[in-house]
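The file final-v5.cif contains mmCIF, C-alpha atoms and all ligand atoms:
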data_structure
loop_
_atom_site.label_atom_id
_atom_site.label_comp_id
_atom_site.auth_asym_id
_atom_site.auth_seq_id
_atom_site.Cartn_x
_atom_site.Cartn_y
_atom_site.Cartn_z
CA MET A 319 -2.53 76.86 -36.04
CA SER A 320 -0.55 73.77 -35.10
CA ASN A 321 3.22 73.27 -35.50
CA ILE A 322 2.78 69.55 -36.12
CA LYS A 323 4.40 68.45 -39.38
CA ASN A 324 5.21 64.75 -38.99
CA ILE A 325 2.85 62.24 -37.44
CA ALA A 326 3.11 58.50 -36.85
CA VAL A 327 0.42 55.88 -36.41
CA PHE A 328 0.65 52.49 -34.70
CA THR A 329 -1.54 49.66 -33.43
CA SER A 330 -0.93 48.00 -30.10
CA GLY A 331 -2.36 45.26 -27.85
CA GLY A 332 -4.85 42.72 -29.23
CA ASP A 333 -5.74 43.36 -32.87
CA ALA A 334 -9.31 44.20 -33.84
CA PRO A 335 -11.21 44.23 -37.14
CA GLY A 336 -11.34 47.82 -38.38
CA MET A 337 -7.81 48.70 -37.29
CA ASN A 338 -6.77 48.80 -40.95
CA ALA A 339 -9.65 51.11 -41.79
CA ALA A 340 -8.45 53.37 -38.96
CA ILE A 341 -4.83 53.31 -40.19
CA ARG A 342 -6.03 54.18 -43.69
CA ALA A 343 -8.08 57.10 -42.38
CA VAL A 344 -5.19 58.46 -40.29
CA VAL A 345 -2.68 58.21 -43.15
CA ARG A 346 -4.95 59.78 -45.73
CA THR A 347 -6.13 62.56 -43.43
CA GLY A 348 -2.52 63.36 -42.57
CA LEU A 349 -1.68 63.59 -46.27
CA TYR A 350 -4.80 65.68 -46.88
CA TYR A 351 -3.44 68.23 -44.38
CA ASN A 352 0.05 68.07 -45.98
CA LEU A 353 1.67 66.26 -43.09
CA ASN A 354 4.36 63.62 -43.42
CA VAL A 355 2.94 60.35 -42.13
CA PHE A 356 4.93 57.45 -40.69
CA GLY A 357 3.87 53.96 -39.68
CA ILE A 358 5.34 52.17 -36.68
CA ARG A 359 5.39 48.36 -36.85
CA LYS A 360 4.46 46.23 -33.82
CA GLY A 361 3.28 49.07 -31.62
CA TYR A 362 5.55 50.30 -28.84
CA ASP A 363 8.06 47.57 -29.68
CA GLY A 364 8.65 49.14 -33.09
CA MET A 365 9.05 52.53 -31.44
CA VAL A 366 11.76 51.17 -29.13
CA HIS A 367 13.52 49.34 -32.00
CA ASP A 368 13.09 52.05 -34.63
CA ASP A 369 10.81 50.07 -36.93
CA ILE A 370 9.42 53.32 -38.32
CA PHE A 371 8.79 53.98 -42.02
CA PRO A 372 7.12 56.62 -44.21
CA MET A 373 3.61 55.89 -45.49
CA ASP A 374 1.77 57.29 -48.49
CA ALA A 375 -1.74 57.04 -49.93
CA LYS A 376 -0.79 53.89 -51.82
CA SER A 377 0.50 52.07 -48.74
CA VAL A 378 -3.05 52.03 -47.36
CA ALA A 379 -4.83 51.19 -50.62
CA ASN A 380 -7.15 48.18 -50.53
CA ILE A 381 -6.98 47.60 -46.78
CA ILE A 382 -10.31 48.99 -45.53
CA GLN A 383 -11.92 45.55 -45.82
CA ARG A 384 -9.09 43.56 -44.25
CA GLY A 385 -9.10 42.21 -40.70
CA GLY A 386 -6.00 42.30 -38.47
CA THR A 387 -3.55 45.16 -38.76
CA ILE A 388 -1.05 45.78 -41.57
CA LEU A 389 1.16 47.56 -39.01
CA LYS A 390 1.21 44.42 -36.84
CA THR A 391 0.83 44.62 -33.11
CA ALA A 392 2.58 43.51 -29.94
CA ARG A 393 2.67 43.90 -26.19
CA SER A 394 6.08 45.45 -25.43
CA GLU A 395 7.94 44.61 -22.22
CA GLU A 396 10.73 47.13 -22.96
CA PHE A 397 8.30 50.02 -23.28
CA ARG A 398 7.20 49.37 -19.71
CA THR A 399 10.62 50.61 -18.53
CA VAL A 400 11.78 54.26 -18.29
CA GLU A 401 14.82 53.41 -20.47
CA GLY A 402 12.63 51.75 -23.12
CA ARG A 403 10.36 54.80 -23.32
CA LYS A 404 13.40 57.11 -23.53
CA GLN A 405 14.76 55.06 -26.43
CA ALA A 406 11.36 55.20 -28.13
CA TYR A 407 11.30 58.98 -27.76
CA GLU A 408 14.84 59.29 -29.21
CA ASN A 409 13.77 57.24 -32.24
CA LEU A 410 10.70 59.39 -32.83
CA LYS A 411 12.84 62.53 -32.57
CA LYS A 412 15.29 61.12 -35.12
CA HIS A 413 12.43 60.97 -37.66
CA GLY A 414 11.16 64.40 -36.62
CA ILE A 415 7.85 62.90 -35.44
CA ASP A 416 5.92 65.45 -33.43
CA GLY A 417 2.50 63.81 -33.11
CA LEU A 418 1.25 60.25 -32.57
CA VAL A 419 -1.98 58.34 -33.17
CA ALA A 420 -2.23 55.21 -31.02
CA ILE A 421 -4.85 52.62 -31.94
CA GLY A 422 -5.60 50.09 -29.20
CA GLY A 423 -7.23 49.42 -25.87
CA ASP A 424 -6.52 49.96 -22.19
CA GLY A 425 -2.90 48.69 -22.26
CA THR A 426 -2.15 50.96 -25.21
CA PHE A 427 -3.55 54.01 -23.46
CA THR A 428 -1.83 53.22 -20.17
CA GLY A 429 1.47 53.24 -22.10
CA ALA A 430 0.49 56.38 -24.01
CA SER A 431 -0.40 58.17 -20.81
CA LYS A 432 3.02 57.40 -19.24
CA PHE A 433 4.84 58.35 -22.45
CA PHE A 434 3.02 61.66 -22.69
CA GLU A 435 3.74 62.40 -19.02
CA GLU A 436 7.47 61.79 -19.49
CA HIS A 437 8.10 63.21 -22.97
CA GLN A 438 5.14 65.50 -23.71
CA ILE A 439 4.74 64.34 -27.29
CA PRO A 440 1.14 64.94 -28.38
CA ILE A 441 -0.73 61.62 -28.62
CA ILE A 442 -4.30 60.96 -29.62
CA GLY A 443 -5.84 57.53 -29.03
CA LEU A 444 -8.33 55.61 -31.14
CA PRO A 445 -10.38 52.93 -29.35
CA GLY A 446 -9.44 49.69 -31.11
CA THR A 447 -10.43 46.55 -29.22
CA ILE A 448 -13.08 43.88 -29.65
CA ASP A 449 -13.85 44.07 -25.92
CA ASN A 450 -15.65 47.47 -25.99
CA ASP A 451 -14.26 48.12 -22.51
CA LEU A 452 -13.30 51.78 -22.70
CA VAL A 453 -14.94 54.86 -21.22
CA GLY A 454 -15.60 57.69 -23.69
CA THR A 455 -17.13 55.90 -26.64
CA ASP A 456 -20.35 53.94 -27.12
CA PHE A 457 -18.50 51.39 -29.22
CA THR A 458 -14.88 50.53 -29.87
CA ILE A 459 -13.51 49.66 -33.31
CA GLY A 460 -13.79 45.87 -33.75
CA TYR A 461 -16.58 45.23 -31.27
CA ASP A 462 -19.40 45.12 -33.83
CA THR A 463 -17.50 42.69 -36.06
CA ALA A 464 -16.64 40.46 -33.09
CA ILE A 465 -20.21 40.22 -31.82
CA ASN A 466 -21.44 39.45 -35.32
CA THR A 467 -18.84 36.67 -35.55
CA VAL A 468 -20.14 35.29 -32.25
CA ILE A 469 -23.73 35.47 -33.50
CA GLU A 470 -22.87 33.60 -36.68
CA ALA A 471 -21.07 30.87 -34.73
CA VAL A 472 -23.73 30.47 -32.03
CA ASP A 473 -26.58 30.40 -34.57
CA LYS A 474 -24.83 27.39 -36.08
CA ILE A 475 -24.34 25.84 -32.67
CA ARG A 476 -28.04 26.38 -32.01
CA ASP A 477 -28.95 24.37 -35.13
CA THR A 478 -27.11 21.30 -33.92
CA ALA A 479 -28.09 21.84 -30.27
CA GLU A 480 -31.75 21.96 -31.25
CA SER A 481 -31.45 18.79 -33.34
CA HIS A 482 -29.95 16.85 -30.42
CA ASP A 483 -31.86 18.48 -27.54
CA ARG A 484 -28.57 19.61 -26.03
CA VAL A 485 -27.38 22.24 -23.59
CA PHE A 486 -24.36 24.17 -24.87
CA VAL A 487 -22.01 26.30 -22.82
CA VAL A 488 -20.26 28.69 -25.20
CA GLU A 489 -17.25 30.70 -24.04
CA VAL A 490 -16.61 34.05 -25.70
CA MET A 491 -13.75 36.53 -25.31
CA GLY A 492 -13.66 39.18 -22.63
CA ARG A 493 -10.90 38.84 -20.07
CA ASP A 494 -12.20 41.70 -17.97
CA SER A 495 -15.41 42.59 -19.71
CA GLY A 496 -18.73 40.90 -20.41
CA LEU A 497 -19.82 43.22 -23.18
CA ILE A 498 -19.24 40.72 -25.99
CA ALA A 499 -21.10 38.05 -24.00
CA LEU A 500 -24.00 40.33 -23.12
CA ARG A 501 -24.84 41.84 -26.48
CA ALA A 502 -24.14 38.63 -28.43
CA GLY A 503 -26.10 36.70 -25.77
CA ILE A 504 -29.22 38.79 -26.33
CA SER A 505 -28.83 38.43 -30.09
CA VAL A 506 -28.67 34.65 -30.07
CA GLY A 507 -31.49 34.25 -27.55
CA ALA A 508 -29.17 32.80 -24.90
CA GLU A 509 -30.90 31.35 -21.85
CA CYS A 510 -28.13 32.60 -19.51
CA VAL A 511 -25.22 35.03 -19.84
CA LEU A 512 -22.36 34.99 -17.32
CA ILE A 513 -20.08 38.02 -17.18
CA PRO A 514 -17.12 39.14 -15.02
CA GLU A 515 -18.91 42.30 -13.83
CA ILE A 516 -21.63 40.32 -11.99
CA LYS A 517 -20.97 37.51 -9.52
CA VAL A 518 -22.35 34.25 -10.82
CA ASP A 519 -25.58 33.16 -9.15
CA TYR A 520 -25.58 29.41 -9.68
CA SER A 521 -28.90 28.80 -8.05
CA ALA A 522 -30.66 31.33 -10.32
CA MET A 523 -28.93 29.80 -13.32
CA MET A 524 -30.01 26.25 -12.40
CA ASP A 525 -33.58 27.42 -11.81
CA ARG A 526 -33.65 29.07 -15.18
CA LEU A 527 -32.28 26.00 -16.94
CA ASP A 528 -34.87 23.85 -15.23
CA ARG A 529 -37.71 26.25 -15.98
CA THR A 530 -36.83 26.78 -19.66
CA ARG A 531 -36.62 23.05 -20.27
CA LYS A 532 -40.38 22.87 -20.68
CA ASN A 533 -40.38 25.23 -23.65
CA LYS A 534 -37.17 24.48 -25.46
CA ALA A 535 -35.24 21.58 -26.89
CA SER A 536 -31.90 23.38 -26.70
CA ARG A 537 -30.41 25.81 -24.21
CA VAL A 538 -27.37 28.04 -24.74
CA ILE A 539 -25.33 29.59 -21.95
CA ILE A 540 -22.86 32.29 -22.96
CA VAL A 541 -19.87 32.70 -20.63
CA ALA A 542 -17.31 35.50 -20.90
CA GLU A 543 -13.81 34.05 -20.51
CA GLY A 544 -13.07 36.29 -17.50
CA ASP A 545 -16.18 35.31 -15.57
CA ASP A 546 -15.66 34.32 -11.92
CA ALA A 547 -17.28 30.95 -12.65
CA GLY A 548 -13.92 30.02 -14.23
CA GLY A 549 -14.80 29.50 -17.87
CA ALA A 550 -17.10 27.26 -19.89
CA PHE A 551 -15.78 23.89 -18.70
CA ALA A 552 -16.19 24.84 -15.03
CA VAL A 553 -19.76 26.01 -15.69
CA ALA A 554 -20.57 22.81 -17.58
CA GLU A 555 -19.23 20.75 -14.63
CA ARG A 556 -21.52 22.55 -12.19
CA ILE A 557 -24.55 22.04 -14.42
CA LYS A 558 -23.73 18.39 -14.89
CA GLU A 559 -23.55 17.90 -11.09
CA ARG A 560 -27.06 19.28 -10.72
CA PHE A 561 -28.60 17.83 -13.90
CA PRO A 562 -26.61 14.67 -14.72
CA HIS A 563 -29.17 13.67 -17.33
CA TYR A 564 -28.53 16.75 -19.52
CA ASP A 565 -26.77 16.10 -22.79
CA MET A 566 -24.14 18.84 -22.66
CA ARG A 567 -21.38 20.21 -24.85
CA VAL A 568 -18.84 23.00 -24.45
CA SER A 569 -17.61 25.26 -27.22
CA ILE A 570 -14.81 27.82 -26.86
CA LEU A 571 -14.97 30.30 -29.72
CA GLY A 572 -11.47 31.74 -29.12
CA HIS A 573 -9.53 33.90 -31.55
CA ILE A 574 -11.90 33.60 -34.49
CA GLN A 575 -13.65 36.46 -32.68
CA ARG A 576 -10.69 38.75 -33.35
CA GLY A 577 -10.35 38.13 -37.08
CA GLY A 578 -12.38 38.74 -40.20
CA SER A 579 -13.46 41.54 -42.45
CA PRO A 580 -14.87 44.49 -40.47
CA THR A 581 -18.59 45.22 -40.60
CA CYS A 582 -19.97 48.43 -42.08
CA MET A 583 -20.38 49.81 -38.53
CA ASP A 584 -16.70 49.23 -37.75
CA ARG A 585 -15.45 50.62 -41.06
CA VAL A 586 -17.46 53.81 -40.67
CA LEU A 587 -16.51 54.19 -37.00
CA ALA A 588 -12.81 53.67 -37.80
CA SER A 589 -12.92 56.10 -40.73
CA ARG A 590 -14.69 58.79 -38.74
CA LEU A 591 -12.45 58.46 -35.72
CA GLY A 592 -9.29 58.27 -37.88
CA VAL A 593 -10.09 61.60 -39.51
CA THR A 594 -11.02 63.11 -36.15
CA ALA A 595 -7.78 61.92 -34.51
CA VAL A 596 -5.58 63.79 -36.99
CA GLU A 597 -7.74 66.89 -36.85
CA ALA A 598 -7.62 66.70 -33.05
CA LEU A 599 -3.81 66.69 -33.10
CA LEU A 600 -3.84 69.72 -35.40
CA LYS A 601 -6.26 71.51 -33.08
CA GLY A 602 -3.87 70.97 -30.17
CA HIS A 603 -5.53 68.04 -28.40
CA GLN A 604 -3.17 65.67 -26.63
CA GLY A 605 -3.28 62.80 -24.17
CA GLU A 606 -6.87 62.01 -25.09
CA MET A 607 -8.86 59.26 -26.76
CA VAL A 608 -11.43 60.22 -29.39
CA GLY A 609 -14.72 58.36 -29.30
CA LEU A 610 -18.31 58.68 -30.38
CA ILE A 611 -21.14 59.01 -27.88
CA HIS A 612 -24.63 59.24 -29.40
CA SER A 613 -22.78 59.84 -32.68
CA ASP A 614 -21.00 62.97 -31.38
CA VAL A 615 -17.22 63.20 -31.11
CA VAL A 616 -16.02 63.09 -27.50
CA TYR A 617 -12.47 63.52 -26.14
CA THR A 618 -11.58 61.54 -23.02
CA PRO A 619 -8.23 61.75 -21.16
CA PHE A 620 -6.38 58.42 -21.33
CA ASN A 621 -6.48 57.84 -17.57
CA LYS A 622 -10.28 58.14 -17.65
CA ALA A 623 -10.76 56.12 -20.86
CA ILE A 624 -9.21 53.02 -19.28
CA LYS A 625 -11.48 53.05 -16.21
CA HIS A 626 -14.22 50.92 -17.66
CA LEU A 627 -14.15 48.04 -15.23
CA GLY A 628 -17.40 47.22 -13.53
CA THR A 629 -19.74 49.43 -15.52
CA ILE A 630 -22.38 47.40 -17.23
CA ASN A 631 -25.91 48.15 -18.33
CA GLU A 632 -27.81 45.78 -16.04
CA ASP A 633 -30.92 46.34 -18.08
CA LEU A 634 -29.37 44.15 -20.78
CA LEU A 635 -29.08 41.27 -18.27
CA ARG A 636 -32.70 41.81 -17.28
CA ILE A 637 -33.64 41.46 -20.96
CA VAL A 638 -31.84 38.10 -21.12
CA ASP A 639 -33.84 36.98 -18.10
CA ILE A 640 -37.23 38.16 -19.34
CA LEU A 641 -36.78 36.74 -22.83
CA SER A 642 -35.43 33.37 -21.73
CA LEU A 643 -38.85 31.94 -20.83
O1 LIG B 701 -8.47 41.79 -27.60
C1 LIG B 701 -8.92 41.61 -26.27
C2 LIG B 701 -8.89 40.18 -25.93
O2 LIG B 701 -9.62 39.59 -26.93
C3 LIG B 701 -9.43 39.69 -24.61
O3 LIG B 701 -10.81 39.58 -24.51
C4 LIG B 701 -8.70 38.38 -24.48
O4 LIG B 701 -8.66 37.90 -23.20
C5 LIG B 701 -7.36 38.73 -24.96
O5 LIG B 701 -7.56 39.72 -25.95
C6 LIG B 701 -6.54 37.61 -25.43
O6 LIG B 701 -5.45 38.08 -26.16
P1 LIG B 701 -4.15 37.28 -26.52
O7 LIG B 701 -4.56 35.92 -26.91
O8 LIG B 701 -3.56 38.05 -27.65
O9 LIG B 701 -3.29 37.31 -25.30
#

Structure rendered as structure tokens:
Amino acid sequence: MSNIKNIAVFTSGGDAPGMNAAIRAVVRTGLYYNLNVFGIRKGYDGMVHDDIFPMDAKSVANIIQRGGTILKTARSEEFRTVEGRKQAYENLKKHGIDGLVAIGGDGTFTGASKFFEEHQIPIIGLPGTIDNDLVGTDFTIGYDTAINTVIEAVDKIRDTAESHDRVFVVEVMGRDSGLIALRAGISVGAECVLIPEIKVDYSAMMDRLDRTRKNKASRVIIVAEGDDAGGAFAVAERIKERFPHYDMRVSILGHIQRGGSPTCMDRVLASRLGVTAVEALLKGHQGEMVGLIHSDVVYTPFNKAIKHLGTINEDLLRIVDILSL
């Protein structure tokens, strides 16, 4: 049986829809197991500056449906230093905190990994990022909501594009990952999808635009912001050089992709993983992220969870190609 009595939960890095559902699940599961539960505001920054407060069942009431994070989030410069992490540890000790649940993405787990190495406080990670760029889970909390936001926006763009016979280049989020672009791209029937994991092949893209012109009034190209083509405006420039007669527009979807009420998929994922995270701490797990693969719980060490870069299901790109006719 575990010695853990006091746990704290925090969110860090870019926010993601479903983070609140995860916080709620962690707090209530902690209380269910008679633990004292604390919240830390603004991620590692709040740890360094002692922005730590007790939470109860009521403090997470009516938040499952809310986007963003009630605990707020930040990227902390001080926590990157040995002194900052030492201060954070002292603050946790002051409150008697002996277990942590970190909700975030690769930056969050890089920090957690270092912190665990230096201070050996048990930490369990929950994958919370719209980018879906972590190893050890099929989907991250927030990804499903984000791609559905993209779909809703691009469907609207398609209406106007179709009416004007236009080509649209739509930029979606994904600094290092094309997973939002790829899945949303298939869902909106995009003619081309450009992602950071695959070098852009301009000649193939131009051929496809030319070929599809016969069958369609509008064409939509989805570009992940981190693509090597340099973003939507750069792509539009290249297309314009080759096809000056195209009526083109660019649309950058931006941070609307990070907000909004989480979908059912994200709420259930967050709830399941939140419960699992606390139970994992009590079972003695530490330094690992909990995820779901084929609906089964999987534990992945932080240093492995952050190694997503470059892995993409190329079959999804092939589907874009085949269905773009
Ligand atoms: O949450 C991940 C992410 O959406 C990336 O895809 C994007 O590049 C980044 O966050 C932007 O975050 P911010 O505007 O907070 O720096």

| task | Set the cut-off to 8 Å, count only C-alpha atoms and all ligand atoms, and list whatever residues fall near ligand LIG 701 (chain B) as a list in words. | result |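 Using only C-alpha atoms and all ligand atoms, I find these residues within 8 Å of ligand LIG 701 (chain B): Gly331, Gly332, Asp333, Ala334, Gly423, Thr447, Ile448, Asp449, Met491, Gly492, Arg493, Asp494, Ser495, Glu543, Gly544, His573, Gln575 and Arg576 of chain A.
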
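Using only C-alpha atoms, the shortest contact distance between Leu599 in chain A and any of A:Arg567, A:Ile388, A:Phe551, A:Ile442 is found at A:Ile442.
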
Any idea what's packed within 12 Å of Thr478 in chain A, counting all atoms listed in the file, ignoring anything in its chain fewer than 5 positions away? Could you give it as an mmCIF file with C-alpha atoms, keeping the file's coordinate frame?
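File produced: result17.cif:
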data_model
loop_
_atom_site.group_PDB
_atom_site.id
_atom_site.type_symbol
_atom_site.label_atom_id
_atom_site.label_comp_id
_atom_site.auth_asym_id
_atom_site.auth_seq_id
_atom_site.Cartn_x
_atom_site.Cartn_y
_atom_site.Cartn_z
ATOM 1 C CA ALA A 471 -21.070 30.870 -34.730
ATOM 2 C CA VAL A 472 -23.730 30.470 -32.030
ATOM 3 C CA ASP A 473 -26.580 30.400 -34.570
ATOM 4 C CA ASP A 483 -31.860 18.480 -27.540
ATOM 5 C CA ARG A 484 -28.570 19.610 -26.030
ATOM 6 C CA VAL A 485 -27.380 22.240 -23.590
ATOM 7 C CA PHE A 486 -24.360 24.170 -24.870
ATOM 8 C CA ALA A 535 -35.240 21.580 -26.890
ATOM 9 C CA SER A 536 -31.900 23.380 -26.700
ATOM 10 C CA ARG A 537 -30.410 25.810 -24.210
ATOM 11 C CA VAL A 538 -27.370 28.040 -24.740
ATOM 12 C CA MET A 566 -24.140 18.840 -22.660
ATOM 13 C CA ARG A 567 -21.380 20.210 -24.850
#

| said: Rounded to one decimal, what separation in Å do you get between CA of Val568 in chain A and CA of Thr458 in chain A? | reply: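 One can read the CA of Val568 in chain A to CA of Thr458 in chain A distance as 28.3 Å.
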
| To one decimal place, how far is CA of Gln438 in chain A from CA of Asp614 in chain A in Å? |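 Those two atoms sit 27.4 Å apart.
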
| field | Neighbour list for Ala379 in chain A as a list of chain:residue names, cut-off 10 Å, all atoms listed in the file, skip fewer than 3 positions in-chain | value | A:Arg342, A:Arg346, A:Asp374, A:Ala375, A:Lys376, A:Ile382

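You can rank A:Gly507, A:Gly357, A:Gly548, A:Gly364 by their closest distance to Val345 in chain A using all atoms listed in the file, and at the top of that list sits A:Gly357.
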
Once you've located range 396-410 of chain A in the structure I gave, write it as a JSON list (two decimals), in the first residue's frame, keeping N, CA, C and O atoms.
[["chain", "number", "residue", "atom", "x", "y", "z"],
["A", 396, "GLU", "N", 11.94, 30.01, -14.93],
["A", 396, "GLU", "CA", 12.65, 29.72, -13.68],
["A", 396, "GLU", "C", 12.78, 28.22, -13.42],
["A", 396, "GLU", "O", 13.78, 27.75, -12.89],
["A", 397, "PHE", "N", 11.75, 27.48, -13.81],
["A", 397, "PHE", "CA", 11.77, 26.04, -13.55],
["A", 397, "PHE", "C", 12.83, 25.33, -14.41],
["A", 397, "PHE", "O", 13.21, 24.20, -14.11],
["A", 398, "ARG", "N", 13.30, 26.02, -15.44],
["A", 398, "ARG", "CA", 14.35, 25.43, -16.27],
["A", 398, "ARG", "C", 15.69, 25.40, -15.55],
["A", 398, "ARG", "O", 16.63, 24.76, -15.99],
["A", 399, "THR", "N", 15.81, 26.18, -14.45],
["A", 399, "THR", "CA", 17.09, 26.23, -13.73],
["A", 399, "THR", "C", 17.06, 25.29, -12.53],
["A", 399, "THR", "O", 15.99, 25.00, -11.97],
["A", 400, "VAL", "N", 18.26, 24.83, -12.12],
["A", 400, "VAL", "CA", 18.39, 23.93, -10.95],
["A", 400, "VAL", "C", 17.81, 24.62, -9.71],
["A", 400, "VAL", "O", 17.07, 24.01, -8.92],
["A", 401, "GLU", "N", 18.12, 25.93, -9.55],
["A", 401, "GLU", "CA", 17.65, 26.68, -8.37],
["A", 401, "GLU", "C", 16.13, 26.76, -8.35],
["A", 401, "GLU", "O", 15.49, 26.61, -7.32],
["A", 402, "GLY", "N", 15.55, 27.02, -9.55],
["A", 402, "GLY", "CA", 14.09, 27.12, -9.65],
["A", 402, "GLY", "C", 13.43, 25.80, -9.24],
["A", 402, "GLY", "O", 12.44, 25.79, -8.50],
["A", 403, "ARG", "N", 13.99, 24.70, -9.71],
["A", 403, "ARG", "CA", 13.40, 23.39, -9.38],
["A", 403, "ARG", "C", 13.56, 23.07, -7.90],
["A", 403, "ARG", "O", 12.68, 22.48, -7.27],
["A", 404, "LYS", "N", 14.69, 23.53, -7.32],
["A", 404, "LYS", "CA", 14.91, 23.31, -5.87],
["A", 404, "LYS", "C", 13.85, 24.08, -5.08],
["A", 404, "LYS", "O", 13.24, 23.55, -4.15],
["A", 405, "GLN", "N", 13.63, 25.32, -5.49],
["A", 405, "GLN", "CA", 12.61, 26.16, -4.82],
["A", 405, "GLN", "C", 11.23, 25.50, -4.93],
["A", 405, "GLN", "O", 10.46, 25.45, -3.96],
["A", 406, "ALA", "N", 10.94, 24.99, -6.12],
["A", 406, "ALA", "CA", 9.64, 24.32, -6.33],
["A", 406, "ALA", "C", 9.51, 23.14, -5.39],
["A", 406, "ALA", "O", 8.46, 22.95, -4.76],
["A", 407, "TYR", "N", 10.58, 22.38, -5.25],
["A", 407, "TYR", "CA", 10.54, 21.19, -4.37],
["A", 407, "TYR", "C", 10.32, 21.61, -2.91],
["A", 407, "TYR", "O", 9.53, 21.01, -2.19],
["A", 408, "GLU", "N", 11.02, 22.68, -2.49],
["A", 408, "GLU", "CA", 10.86, 23.19, -1.11],
["A", 408, "GLU", "C", 9.40, 23.56, -0.86],
["A", 408, "GLU", "O", 8.84, 23.26, 0.18],
["A", 409, "ASN", "N", 8.79, 24.22, -1.84],
["A", 409, "ASN", "CA", 7.39, 24.65, -1.68],
["A", 409, "ASN", "C", 6.45, 23.44, -1.56],
["A", 409, "ASN", "O", 5.53, 23.44, -0.75],
["A", 410, "LEU", "N", 6.70, 22.44, -2.37],
["A", 410, "LEU", "CA", 5.86, 21.24, -2.31],
["A", 410, "LEU", "C", 6.00, 20.58, -0.93],
["A", 410, "LEU", "O", 5.02, 20.16, -0.31]]
